[in-house]
file entry_16.pdb (PDB, C-alpha atoms)
ATOM      1  CA  PRO A 207      -8.509  12.126 -31.486
ATOM      2  CA  PRO A 208      -6.872  14.883 -29.461
ATOM      3  CA  VAL A 209      -8.701  13.738 -26.326
ATOM      4  CA  THR A 210      -6.510  10.630 -26.195
ATOM      5  CA  VAL A 211      -3.305  12.655 -26.336
ATOM      6  CA  ILE A 212      -4.542  15.129 -23.718
ATOM      7  CA  SER A 213      -5.649  12.245 -21.460
ATOM      8  CA  CYS A 214      -2.262  10.560 -21.716
ATOM      9  CA  ILE A 215      -0.477  13.801 -20.879
ATOM     10  CA  THR A 216      -2.836  14.432 -17.948
ATOM     11  CA  PHE A 217      -2.376  10.928 -16.540
ATOM     12  CA  ALA A 218       1.399  11.137 -16.920
ATOM     13  CA  PHE A 219       1.418  14.474 -15.099
ATOM     14  CA  MET A 220      -0.850  13.160 -12.326
ATOM     15  CA  ARG A 221       1.338  10.067 -11.960
ATOM     16  CA  LEU A 222       4.309  12.326 -11.422
ATOM     17  CA  ILE A 223       2.505  14.541  -8.902
ATOM     18  CA  TYR A 224       0.857  11.757  -6.890
ATOM     19  CA  GLY A 225       4.039   9.670  -7.021
ATOM     20  CA  TYR A 226       5.727  12.528  -5.178
ATOM     21  CA  LEU A 227       2.848  13.237  -2.793
ATOM     22  CA  VAL A 228       2.449   9.656  -1.590
ATOM     23  CA  VAL A 229       6.102   9.393  -0.591
ATOM     24  CA  PHE A 230       7.211  12.902   0.391
ATOM     25  CA  ALA A 231       4.149  14.994   1.274
ATOM     26  CA  GLU A 232       4.200  14.180   4.973
ATOM     27  CA  THR A 233       7.060  13.675   7.339
ATOM     28  CA  LYS A 234       7.495  10.403   9.156
ATOM     29  CA  LYS A 235       5.714  10.423  12.497
ATOM     30  CA  PRO A 236       5.590   7.880  15.319
ATOM     31  CA  ASP A 237       1.956   6.847  15.017
ATOM     32  CA  LEU A 238      -0.202   4.002  13.753
ATOM     33  CA  GLY A 239       0.442   4.955  10.142
ATOM     34  CA  GLY A 240       1.257   1.359   9.281
ATOM     35  CA  VAL A 241      -2.210   0.135  10.181
ATOM     36  CA  PHE A 242      -3.910   3.015   8.397
ATOM     37  CA  TRP A 243      -1.630   2.681   5.368
ATOM     38  CA  VAL A 244      -2.282  -1.043   4.964
ATOM     39  CA  THR A 245      -6.030  -0.527   5.457
ATOM     40  CA  MET A 246      -5.980   2.194   2.803
ATOM     41  CA  LEU A 247      -4.127  -0.081   0.385
ATOM     42  CA  TYR A 248      -6.653  -2.864   1.030
ATOM     43  CA  HIS A 249      -9.520  -0.434   0.355
ATOM     44  CA  THR A 250      -7.758   0.596  -2.856
ATOM     45  CA  PHE A 251      -7.725  -3.046  -3.935
ATOM     46  CA  VAL A 252     -11.442  -3.353  -3.139
ATOM     47  CA  GLY A 253     -12.171  -0.195  -5.151
ATOM     48  CA  LEU A 254     -10.084  -1.497  -8.037
ATOM     49  CA  LEU A 255     -11.948  -4.800  -7.935
ATOM     50  CA  VAL A 256     -15.316  -3.017  -8.021
ATOM     51  CA  TYR A 257     -14.093  -0.862 -10.905
ATOM     52  CA  THR A 258     -12.898  -3.806 -12.978
ATOM     53  CA  VAL A 259     -16.132  -5.739 -12.401
ATOM     54  CA  VAL A 260     -18.270  -2.730 -13.342
ATOM     55  CA  MET A 261     -16.215  -1.946 -16.440
ATOM     56  CA  THR A 262     -16.337  -5.575 -17.567
ATOM     57  CA  GLY A 263     -20.124  -5.478 -17.146
ATOM     58  CA  ILE A 264     -20.324  -2.261 -19.158
ATOM     59  CA  TYR A 265     -18.246  -3.830 -21.923
ATOM     60  CA  TYR A 266     -20.578  -6.842 -21.870
ATOM     61  CA  ARG A 267     -23.765  -4.754 -22.124
ATOM     62  CA  ARG A 268     -22.613  -2.038 -24.518
ATOM     63  CA  GLY A 269     -20.075  -3.821 -26.677
ATOM     64  CA  ASN A 270     -20.931  -4.847 -30.236
ATOM     65  CA  ASN A 271     -19.516  -8.277 -29.463
ATOM     66  CA  TYR A 272     -17.853 -10.082 -26.557
ATOM     67  CA  GLY A 273     -14.336  -8.951 -27.517
ATOM     68  CA  PRO A 274     -13.937  -6.009 -25.110
ATOM     69  CA  MET A 275     -15.402  -8.025 -22.254
ATOM     70  CA  ILE A 276     -13.053 -10.945 -22.917
ATOM     71  CA  ILE A 277     -10.081  -8.563 -23.000
ATOM     72  CA  SER A 278     -11.010  -6.957 -19.654
ATOM     73  CA  LEU A 279     -12.073 -10.171 -17.896
ATOM     74  CA  PRO A 280      -8.531 -11.308 -16.928
ATOM     75  CA  SER A 281      -8.020  -8.035 -15.066
ATOM     76  CA  ILE A 282     -10.580  -9.160 -12.467
ATOM     77  CA  PHE A 283      -8.567 -12.298 -11.776
ATOM     78  CA  TYR A 284      -5.327 -10.321 -11.690
ATOM     79  CA  VAL A 285      -6.752  -7.889  -9.133
ATOM     80  CA  LEU A 286      -8.000 -10.798  -6.999
ATOM     81  CA  TRP A 287      -4.591 -12.491  -7.231
ATOM     82  CA  SER A 288      -2.801  -9.264  -6.307
ATOM     83  CA  MET A 289      -5.170  -8.693  -3.397
ATOM     84  CA  ARG A 290      -4.573 -12.197  -1.998
ATOM     85  CA  ARG A 291      -0.831 -11.785  -2.495
ATOM     86  CA  PHE A 292      -0.886  -8.468  -0.656
ATOM     87  CA  GLU A 293      -2.801  -9.986   2.265
ATOM     88  CA  SER A 294      -0.621 -13.067   2.646
ATOM     89  CA  LEU A 295       2.866 -12.289   1.363
ATOM     90  CA  PHE A 296       3.792  -9.047   3.091
ATOM     91  CA  SER A 297       4.599  -9.304   6.796
ATOM     92  CA  TRP A 298       4.015  -5.759   7.970
ATOM     93  CA  GLU A 299       2.804  -6.450  11.512
ATOM     94  CA  ASN A 300       5.849  -8.351  12.736
ATOM     95  CA  LEU A 301       9.474  -7.824  11.788
ATOM     96  CA  PRO A 302      10.968 -10.959  10.208
ATOM     97  CA  PHE A 303      13.385 -12.799  12.506
ATOM     98  CA  GLN A 304      16.141 -12.660   9.863
ATOM     99  CA  GLU A 305      16.183  -8.870  10.073
ATOM    100  CA  LEU A 306      16.446  -8.966  13.860
ATOM    101  CA  THR A 307      19.493 -11.225  13.739
ATOM    102  CA  ASP A 308      21.155  -9.540  10.759
ATOM    103  CA  GLU A 309      24.828  -8.645  11.305
ATOM    104  CA  ALA A 310      24.243  -4.982  10.508
ATOM    105  CA  THR A 311      21.497  -4.834  13.134
ATOM    106  CA  LEU A 312      23.615  -6.533  15.784
ATOM    107  CA  LYS A 313      26.600  -4.247  15.077
ATOM    108  CA  ALA A 314      24.510  -1.063  15.263
ATOM    109  CA  ALA A 315      25.732   1.497  17.767
ATOM    110  CA  LYS A 316      23.952   1.207  21.061
ATOM    111  CA  ARG A 317      23.001   4.293  23.016
ATOM    112  CA  GLU A 318      24.687   4.714  26.381
ATOM    113  CA  ILE A 319      22.465   5.625  29.273
ATOM    114  CA  LYS A 320      24.326   7.910  31.651
ATOM    115  CA  GLY A 321      23.305   8.344  35.218
ATOM    116  CA  GLU A 322      20.768   6.422  37.180
ATOM    117  CA  TYR A 323      17.041   6.940  37.162
ATOM    118  CA  MET A 324      15.162   6.782  40.423
ATOM    119  CA  GLN A 325      11.416   7.088  40.491
ATOM    120  CA  PRO A 326      10.506  10.158  42.604
ATOM    121  CA  GLU A 327       7.904   8.267  44.635
ATOM    122  CA  MET A 328      10.507   5.762  45.775
ATOM    123  CA  ILE A 329      12.886   8.348  47.250
ATOM    124  CA  LYS A 330      12.524   8.630  51.012
ATOM    125  CA  GLY A 331      12.708  12.111  52.066
TER
END

call {"tool": "encode", "arguments": {"input": "entry_16.pdb", "output": "structure tokens"}}
result
Amino acid sequence: PPVTVISCITFAFMRLIYGYLVVFAETKKPDLGGVFWVTMLYHTFVGLLVYTVVMTGIYYRRGNNYGPMIISLPSIFYVLWSMRRFESLFSWENLPFQELTDEATLKAAKREIKGEYMQPEMIKG
């Protein structure tokens, strides 16, 4: 059916657009984006888990046999595995010690501080 072709084209186009928007739509800012980003990704996993459970249930209730349900059932376990892996494998809160002691990091140019800072309240005058 032509709906399948149009859907594939639409999803490919949206993948291209959202692939750009996620990475380049906003400039990098010094804020708590890491916490919000990780929370958003966790919520995406929860939404994906709900979706796969609901779709597996729909396949169970509306399918002529158990075939579609059996095909979609492993996706629930894959989403759970990916969610656990995301929670435990990625260290986003603390920088790994290896990166702190990397040669490139140690050889990075250090900024020179010129002059001397004196807190105004400490100056007798």

call {"tool": "axis_aligned_box", "arguments": {"input": "entry_16.pdb", "around": "segment 252-262 of chain A", "padding_each_side": "6 Å", "output": "JSON"}}
result
{"center_x": -14.2, "center_y": -3.0, "center_z": -10.4, "size_x": 20.2, "size_y": 17.5, "size_z": 26.4}

call {"tool": "atom_distance", "arguments": {"input": "entry_16.pdb", "atom1": "atom CA of Phe292 of chain A", "atom2": "atom CA of Ala310 of chain A"}}
result
27.7 Å

call {"tool": "closest_residue", "arguments": {"input": "entry_16.pdb", "among": "A:Glu299, A:Phe230, A:Asn270, A:Ser278", "to": "Val244 of chain A", "atoms": "all atoms listed in the file"}}
result
A:Glu299

call {"tool": "resolve_selection", "arguments": {"input": "entry_16.pdb", "expression": "the PyMOL selection byres ((chain A and resi 260-263) around 12)", "output": "list in words"}}
result
Gly253, Leu254, Leu255, Val256, Tyr257, Thr258, Val259, Ile264, Tyr265, Tyr266, Arg267, Arg268, Gly269, Tyr272, Gly273, Pro274, Met275, Ile276, Ile277, Ser278, Leu279, Pro280, Ser281, Ile282 and Phe283 of chain A

call {"tool": "atom_distance", "arguments": {"input": "entry_16.pdb", "atom1": "atom CA of Pro207 of chain A", "atom2": "atom CA of Ile223 of chain A"}}
result
25.2 Å

call {"tool": "atom_distance", "arguments": {"input": "entry_16.pdb", "atom1": "atom CA of Ser294 of chain A", "atom2": "atom CA of Asp308 of chain A"}}
result
23.5 Å

call {"tool": "build_atoms", "arguments": {"input": "entry_16.pdb", "residues": "segment 285-314 of chain A", "atoms": "N, CA and C atoms", "output": "tab-separated table (two decimals), in the frame of the given file"}}
result
chain	number	residue	atom	x	y	z
A	285	VAL	N	-6.53	-8.69	-10.33
A	285	VAL	CA	-6.75	-7.89	-9.13
A	285	VAL	C	-6.99	-8.80	-7.93
A	286	LEU	N	-7.78	-9.85	-8.10
A	286	LEU	CA	-8.00	-10.80	-7.00
A	286	LEU	C	-6.70	-11.47	-6.58
A	287	TRP	N	-5.88	-11.87	-7.54
A	287	TRP	CA	-4.59	-12.49	-7.23
A	287	TRP	C	-3.68	-11.51	-6.49
A	288	SER	N	-3.64	-10.27	-6.96
A	288	SER	CA	-2.80	-9.26	-6.31
A	288	SER	C	-3.29	-8.97	-4.89
A	289	MET	N	-4.60	-8.96	-4.71
A	289	MET	CA	-5.17	-8.69	-3.40
A	289	MET	C	-4.81	-9.82	-2.42
A	290	ARG	N	-4.94	-11.05	-2.85
A	290	ARG	CA	-4.57	-12.20	-2.00
A	290	ARG	C	-3.08	-12.18	-1.69
A	291	ARG	N	-2.28	-11.85	-2.68
A	291	ARG	CA	-0.83	-11.78	-2.50
A	291	ARG	C	-0.47	-10.70	-1.49
A	292	PHE	N	-1.13	-9.57	-1.59
A	292	PHE	CA	-0.89	-8.47	-0.66
A	292	PHE	C	-1.24	-8.87	0.77
A	293	GLU	N	-2.36	-9.58	0.93
A	293	GLU	CA	-2.80	-9.99	2.26
A	293	GLU	C	-1.89	-11.04	2.88
A	294	SER	N	-1.35	-11.94	2.07
A	294	SER	CA	-0.62	-13.07	2.65
A	294	SER	C	0.90	-12.94	2.58
A	295	LEU	N	1.42	-12.27	1.58
A	295	LEU	CA	2.87	-12.29	1.36
A	295	LEU	C	3.62	-11.27	2.21
A	296	PHE	N	3.08	-10.11	2.40
A	296	PHE	CA	3.79	-9.05	3.09
A	296	PHE	C	3.58	-9.15	4.60
A	297	SER	N	4.69	-9.24	5.34
A	297	SER	CA	4.60	-9.30	6.80
A	297	SER	C	4.88	-7.91	7.33
A	298	TRP	N	3.85	-7.14	7.52
A	298	TRP	CA	4.01	-5.76	7.97
A	298	TRP	C	3.74	-5.60	9.46
A	299	GLU	N	3.11	-6.58	10.09
A	299	GLU	CA	2.80	-6.45	11.51
A	299	GLU	C	3.97	-6.87	12.39
A	300	ASN	N	4.71	-7.85	11.96
A	300	ASN	CA	5.85	-8.35	12.74
A	300	ASN	C	7.10	-8.29	11.88
A	301	LEU	N	8.20	-7.87	12.49
A	301	LEU	CA	9.47	-7.82	11.79
A	301	LEU	C	10.00	-9.24	11.61
A	302	PRO	N	10.44	-9.60	10.41
A	302	PRO	CA	10.97	-10.96	10.21
A	302	PRO	C	12.19	-11.22	11.10
A	303	PHE	N	12.30	-12.44	11.59
A	303	PHE	CA	13.38	-12.80	12.51
A	303	PHE	C	14.75	-12.62	11.86
A	304	GLN	N	14.85	-12.82	10.54
A	304	GLN	CA	16.14	-12.66	9.86
A	304	GLN	C	16.65	-11.23	9.98
A	305	GLU	N	15.75	-10.26	9.95
A	305	GLU	CA	16.18	-8.87	10.07
A	305	GLU	C	16.61	-8.54	11.49
A	306	LEU	N	16.04	-9.20	12.47
A	306	LEU	CA	16.45	-8.97	13.86
A	306	LEU	C	17.83	-9.51	14.15
A	307	THR	N	18.19	-10.60	13.48
A	307	THR	CA	19.49	-11.22	13.74
A	307	THR	C	20.52	-10.91	12.66
A	308	ASP	N	20.23	-9.94	11.81
A	308	ASP	CA	21.16	-9.54	10.76
A	308	ASP	C	22.41	-8.94	11.39
A	309	GLU	N	23.56	-9.15	10.75
A	309	GLU	CA	24.83	-8.64	11.30
A	309	GLU	C	24.83	-7.13	11.43
A	310	ALA	N	24.27	-6.45	10.46
A	310	ALA	CA	24.24	-4.98	10.51
A	310	ALA	C	23.41	-4.50	11.68
A	311	THR	N	22.34	-5.22	12.00
A	311	THR	CA	21.50	-4.83	13.13
A	311	THR	C	22.22	-5.09	14.45
A	312	LEU	N	22.91	-6.21	14.54
A	312	LEU	CA	23.62	-6.53	15.78
A	312	LEU	C	24.80	-5.61	16.02
A	313	LYS	N	25.44	-5.12	14.94
A	313	LYS	CA	26.60	-4.25	15.08
A	313	LYS	C	26.22	-2.77	15.19
A	314	ALA	N	24.95	-2.46	15.18
A	314	ALA	CA	24.51	-1.06	15.26
A	314	ALA	C	24.94	-0.47	16.59
